[in-house]
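Worksheet: the structure to be examined is printed underneath.
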Amino acid sequence: MEYLIQILLLFILFGNVLKISFWRRWQAAVSGLICAAFTVATCRYTVLQSKTQLTEFMYNTKVMQDIAVLITIESMLCFGFCFMELRSMFDSETHGKLSIWRSLLQWYPGLLIFPVLFYLQTQLIFSMPGVSFNVLSYSLAASVLTGIPLLSYLIKRFFPEKDLRLEVYFLVNLFVCITGLIATVDGTTVYPAAAEPLNIKAIVSSLGLLGLFFVTGFLLNKLKKYRNGNYL
């Protein structure tokens with residue numbers, strides 16, 4: 001379980017650096033500064049942790065279920081960013097335009113990086129007993145401050161194709177979503193299946209609602225093209 005969670009945290013960190021590669025250099029530097037400040041600010045809390053507390057935290061069913069929800073939401077936001085960027089690249093109508101949702105998804109770096117930094121700092125303290133906590137904290141903060149912008153620059157330098165980085169970013173977050181669900185499940189059934197016959201009425205209602213939304217979206221798309229002068 002512990003090794004699986006460490007792999008999950010590694011991919012979360014890589015996904016964050018990969019997302020920052022779509023930003024400008026000064027924005028990547030600001031992101032590194034925020035992460036470094038978070039590392040220094042949480043030093044007083046990381047020194048109070050113990051391996052026993054972290055182990056109990058990992059095997060707490062309620063906490064792990066909440067983490068699974070957060071990982072799923074984070075992954076969905078990342079998927080939305082990938083789809084909107086790909087649409088802007090291949091759709092001539094939206095090329096170069098920044099909608100509100102696209103702007104929010106583009107400048108959203110991901111909040112899971114902060115638990116990763118907290119975990120890295122605790123592991124660094126556990127692995128180097130006898131060293132000053134402040135020295136370890138400031139050393140990790142300096143590494144984060146320079147490492148995040150540098151790694152994002154190197155990724156952008158060696159892989160300048162935006163579509164390739166988007167594809168890798170999508171796959172990384174897909175792996176994070178699946179691994180997060182696997183790592184946080186405890187093998188118990190939270191909601192037992194209800195013993196009831198097949199509800200034909202509910203199925204037909206769901207299919208009808210799906211068809212209604214499909215037809216509405218199709219007609220709205222046609223109306224949008226009609227107003228833009230594209231009658232085909």
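Ligands are numbered from 1 in the order shown, residues from 1 within each chain, and chains are lettered A, B, ... in the order they appear in the structure tokens.
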- Query: Could you name the residues that touch Ala36 in chain A at 10 Å or less, counting only C-alpha atoms, but leaving out those on the same chain fewer than 3 positions away, as a PyMOL selection string?
  - Reply: chain A and resi 30-33+39-41+117+137-146+148
Find the residues of range 65-167 of chain A that sit at most 12 Å from range 43-58 of chain A; for each, write down the nearest two atoms and how far apart they are in Å, to one decimal. Count only C-alpha atoms. Sort by chain, then by number going up, and give it as JSON lines.
```
{"residue": "A:Gln65", "atom": "CA", "partner": "A:Met58", "partner_atom": "CA", "distance": 10.5}
{"residue": "A:Asp66", "atom": "CA", "partner": "A:Met58", "partner_atom": "CA", "distance": 11.6}
{"residue": "A:Ile67", "atom": "CA", "partner": "A:Met58", "partner_atom": "CA", "distance": 10.1}
{"residue": "A:Ala68", "atom": "CA", "partner": "A:Met58", "partner_atom": "CA", "distance": 11.9}
{"residue": "A:Pro115", "atom": "CA", "partner": "A:Thr46", "partner_atom": "CA", "distance": 11.2}
{"residue": "A:Leu117", "atom": "CA", "partner": "A:Thr46", "partner_atom": "CA", "distance": 10.4}
{"residue": "A:Phe118", "atom": "CA", "partner": "A:Thr46", "partner_atom": "CA", "distance": 7.0}
{"residue": "A:Tyr119", "atom": "CA", "partner": "A:Thr46", "partner_atom": "CA", "distance": 8.3}
{"residue": "A:Leu120", "atom": "CA", "partner": "A:Thr46", "partner_atom": "CA", "distance": 9.7}
{"residue": "A:Gln121", "atom": "CA", "partner": "A:Thr46", "partner_atom": "CA", "distance": 6.9}
{"residue": "A:Thr122", "atom": "CA", "partner": "A:Thr46", "partner_atom": "CA", "distance": 5.5}
{"residue": "A:Gln123", "atom": "CA", "partner": "A:Lys51", "partner_atom": "CA", "distance": 8.9}
{"residue": "A:Leu124", "atom": "CA", "partner": "A:Thr46", "partner_atom": "CA", "distance": 10.0}
{"residue": "A:Ile125", "atom": "CA", "partner": "A:Val47", "partner_atom": "CA", "distance": 7.4}
{"residue": "A:Phe126", "atom": "CA", "partner": "A:Lys51", "partner_atom": "CA", "distance": 8.0}
{"residue": "A:Ser127", "atom": "CA", "partner": "A:Lys51", "partner_atom": "CA", "distance": 11.0}
{"residue": "A:Pro129", "atom": "CA", "partner": "A:Val47", "partner_atom": "CA", "distance": 11.2}
{"residue": "A:Val131", "atom": "CA", "partner": "A:Val47", "partner_atom": "CA", "distance": 11.9}
{"residue": "A:Ser132", "atom": "CA", "partner": "A:Val47", "partner_atom": "CA", "distance": 10.4}
{"residue": "A:Phe133", "atom": "CA", "partner": "A:Val47", "partner_atom": "CA", "distance": 7.2}
{"residue": "A:Asn134", "atom": "CA", "partner": "A:Cys43", "partner_atom": "CA", "distance": 7.4}
{"residue": "A:Val135", "atom": "CA", "partner": "A:Cys43", "partner_atom": "CA", "distance": 10.3}
{"residue": "A:Leu136", "atom": "CA", "partner": "A:Cys43", "partner_atom": "CA", "distance": 9.0}
{"residue": "A:Ser137", "atom": "CA", "partner": "A:Cys43", "partner_atom": "CA", "distance": 6.2}
{"residue": "A:Tyr138", "atom": "CA", "partner": "A:Cys43", "partner_atom": "CA", "distance": 9.0}
{"residue": "A:Ser139", "atom": "CA", "partner": "A:Cys43", "partner_atom": "CA", "distance": 11.5}
{"residue": "A:Leu140", "atom": "CA", "partner": "A:Cys43", "partner_atom": "CA", "distance": 10.4}
{"residue": "A:Ala141", "atom": "CA", "partner": "A:Cys43", "partner_atom": "CA", "distance": 10.2}
```
For the residues selected in the previous step, produce a file with N, CA, C and O atoms as an mmCIF file, in the first residue's frame.
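The new file out-v6.cif reads:
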```
data_model
loop_
_atom_site.group_PDB
_atom_site.id
_atom_site.type_symbol
_atom_site.label_atom_id
_atom_site.label_comp_id
_atom_site.auth_asym_id
_atom_site.auth_seq_id
_atom_site.Cartn_x
_atom_site.Cartn_y
_atom_site.Cartn_z
ATOM 1 N N GLN A 65 -11.456 7.573 1.631
ATOM 2 C CA GLN A 65 -12.603 7.816 0.744
ATOM 3 C C GLN A 65 -12.681 9.283 0.340
ATOM 4 O O GLN A 65 -12.962 9.604 -0.821
ATOM 5 N N ASP A 66 -12.401 10.178 1.283
ATOM 6 C CA ASP A 66 -12.388 11.609 0.951
ATOM 7 C C ASP A 66 -11.264 11.930 -0.030
ATOM 8 O O ASP A 66 -11.438 12.738 -0.948
ATOM 9 N N ILE A 67 -10.110 11.299 0.154
ATOM 10 C CA ILE A 67 -8.985 11.522 -0.757
ATOM 11 C C ILE A 67 -9.323 11.017 -2.150
ATOM 12 O O ILE A 67 -8.955 11.644 -3.165
ATOM 13 N N ALA A 68 -10.020 9.888 -2.227
ATOM 14 C CA ALA A 68 -10.419 9.353 -3.539
ATOM 15 C C ALA A 68 -11.325 10.341 -4.268
ATOM 16 O O ALA A 68 -11.207 10.513 -5.492
ATOM 17 N N PRO A 115 -0.298 18.384 -0.661
ATOM 18 C CA PRO A 115 -0.109 17.167 0.154
ATOM 19 C C PRO A 115 1.139 16.383 -0.224
ATOM 20 O O PRO A 115 1.770 15.766 0.642
ATOM 21 N N LEU A 117 4.023 17.682 -1.271
ATOM 22 C CA LEU A 117 5.148 18.376 -0.644
ATOM 23 C C LEU A 117 5.177 18.126 0.861
ATOM 24 O O LEU A 117 6.261 17.968 1.450
ATOM 25 N N PHE A 118 4.014 18.083 1.473
ATOM 26 C CA PHE A 118 3.947 17.786 2.908
ATOM 27 C C PHE A 118 4.484 16.388 3.201
ATOM 28 O O PHE A 118 5.256 16.187 4.137
ATOM 29 N N TYR A 119 4.099 15.433 2.374
ATOM 30 C CA TYR A 119 4.565 14.058 2.562
ATOM 31 C C TYR A 119 6.065 13.956 2.317
ATOM 32 O O TYR A 119 6.782 13.272 3.068
ATOM 33 N N LEU A 120 6.570 14.636 1.298
ATOM 34 C CA LEU A 120 8.010 14.607 1.015
ATOM 35 C C LEU A 120 8.816 15.184 2.175
ATOM 36 O O LEU A 120 9.887 14.672 2.518
ATOM 37 N N GLN A 121 8.290 16.227 2.781
ATOM 38 C CA GLN A 121 9.006 16.836 3.896
ATOM 39 C C GLN A 121 9.035 15.921 5.117
ATOM 40 O O GLN A 121 10.058 15.814 5.792
ATOM 41 N N THR A 122 7.933 15.233 5.382
ATOM 42 C CA THR A 122 7.929 14.291 6.511
ATOM 43 C C THR A 122 8.892 13.126 6.267
ATOM 44 O O THR A 122 9.615 12.716 7.180
ATOM 45 N N GLN A 123 8.921 12.619 5.036
ATOM 46 C CA GLN A 123 9.836 11.515 4.733
ATOM 47 C C GLN A 123 11.284 11.960 4.800
ATOM 48 O O GLN A 123 12.165 11.187 5.198
ATOM 49 N N LEU A 124 11.544 13.198 4.424
ATOM 50 C CA LEU A 124 12.910 13.730 4.517
ATOM 51 C C LEU A 124 13.349 13.845 5.969
ATOM 52 O O LEU A 124 14.507 13.545 6.309
ATOM 53 N N ILE A 125 12.451 14.237 6.830
ATOM 54 C CA ILE A 125 12.774 14.343 8.263
ATOM 55 C C ILE A 125 12.990 12.965 8.870
ATOM 56 O O ILE A 125 13.906 12.759 9.672
ATOM 57 N N PHE A 126 12.175 11.975 8.466
ATOM 58 C CA PHE A 126 12.330 10.625 8.995
ATOM 59 C C PHE A 126 13.644 9.988 8.542
ATOM 60 O O PHE A 126 14.264 9.222 9.292
ATOM 61 N N SER A 127 14.052 10.277 7.318
ATOM 62 C CA SER A 127 15.243 9.629 6.755
ATOM 63 C C SER A 127 16.548 10.271 7.192
ATOM 64 O O SER A 127 17.622 9.674 7.012
ATOM 65 N N PRO A 129 17.575 11.679 10.575
ATOM 66 C CA PRO A 129 17.484 12.074 11.991
ATOM 67 C C PRO A 129 18.768 12.756 12.445
ATOM 68 O O PRO A 129 19.863 12.454 11.984
ATOM 69 N N VAL A 131 19.504 15.882 11.939
ATOM 70 C CA VAL A 131 19.697 17.107 11.173
ATOM 71 C C VAL A 131 18.618 18.107 11.566
ATOM 72 O O VAL A 131 17.469 17.746 11.841
ATOM 73 N N SER A 132 18.991 19.370 11.596
ATOM 74 C CA SER A 132 18.054 20.414 11.992
ATOM 75 C C SER A 132 16.830 20.420 11.081
ATOM 76 O O SER A 132 16.953 20.319 9.853
ATOM 77 N N PHE A 133 15.664 20.539 11.700
ATOM 78 C CA PHE A 133 14.432 20.564 10.916
ATOM 79 C C PHE A 133 14.387 21.765 9.973
ATOM 80 O O PHE A 133 13.924 21.655 8.837
ATOM 81 N N ASN A 134 14.877 22.905 10.446
ATOM 82 C CA ASN A 134 14.863 24.098 9.610
ATOM 83 C C ASN A 134 15.776 23.943 8.399
ATOM 84 O O ASN A 134 15.444 24.407 7.293
ATOM 85 N N VAL A 135 16.916 23.302 8.609
ATOM 86 C CA VAL A 135 17.838 23.078 7.491
ATOM 87 C C VAL A 135 17.188 22.197 6.430
ATOM 88 O O VAL A 135 17.269 22.475 5.225
ATOM 89 N N LEU A 136 16.516 21.128 6.873
ATOM 90 C CA LEU A 136 15.847 20.237 5.928
ATOM 91 C C LEU A 136 14.713 20.949 5.210
ATOM 92 O O LEU A 136 14.528 20.788 3.993
ATOM 93 N N SER A 137 13.949 21.741 5.952
ATOM 94 C CA SER A 137 12.815 22.431 5.355
ATOM 95 C C SER A 137 13.275 23.456 4.320
ATOM 96 O O SER A 137 12.742 23.516 3.204
ATOM 97 N N TYR A 138 14.272 24.255 4.665
ATOM 98 C CA TYR A 138 14.755 25.264 3.731
ATOM 99 C C TYR A 138 15.474 24.624 2.544
ATOM 100 O O TYR A 138 15.427 25.164 1.421
ATOM 101 N N SER A 139 16.114 23.507 2.756
ATOM 102 C CA SER A 139 16.764 22.812 1.637
ATOM 103 C C SER A 139 15.729 22.287 0.655
ATOM 104 O O SER A 139 15.881 22.421 -0.567
ATOM 105 N N LEU A 140 14.648 21.688 1.183
ATOM 106 C CA LEU A 140 13.577 21.214 0.310
ATOM 107 C C LEU A 140 12.884 22.382 -0.392
ATOM 108 O O LEU A 140 12.553 22.290 -1.583
ATOM 109 N N ALA A 141 12.692 23.495 0.340
ATOM 110 C CA ALA A 141 12.066 24.669 -0.272
ATOM 111 C C ALA A 141 12.925 25.219 -1.407
ATOM 112 O O ALA A 141 12.400 25.611 -2.465
#
```
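Residue nearest Met84 in chain A within the list A:Ala183, A:Leu104, A:Leu13, A:Ile20: A:Leu104 [criterion: smallest interatomic distance, only C-alpha atoms].
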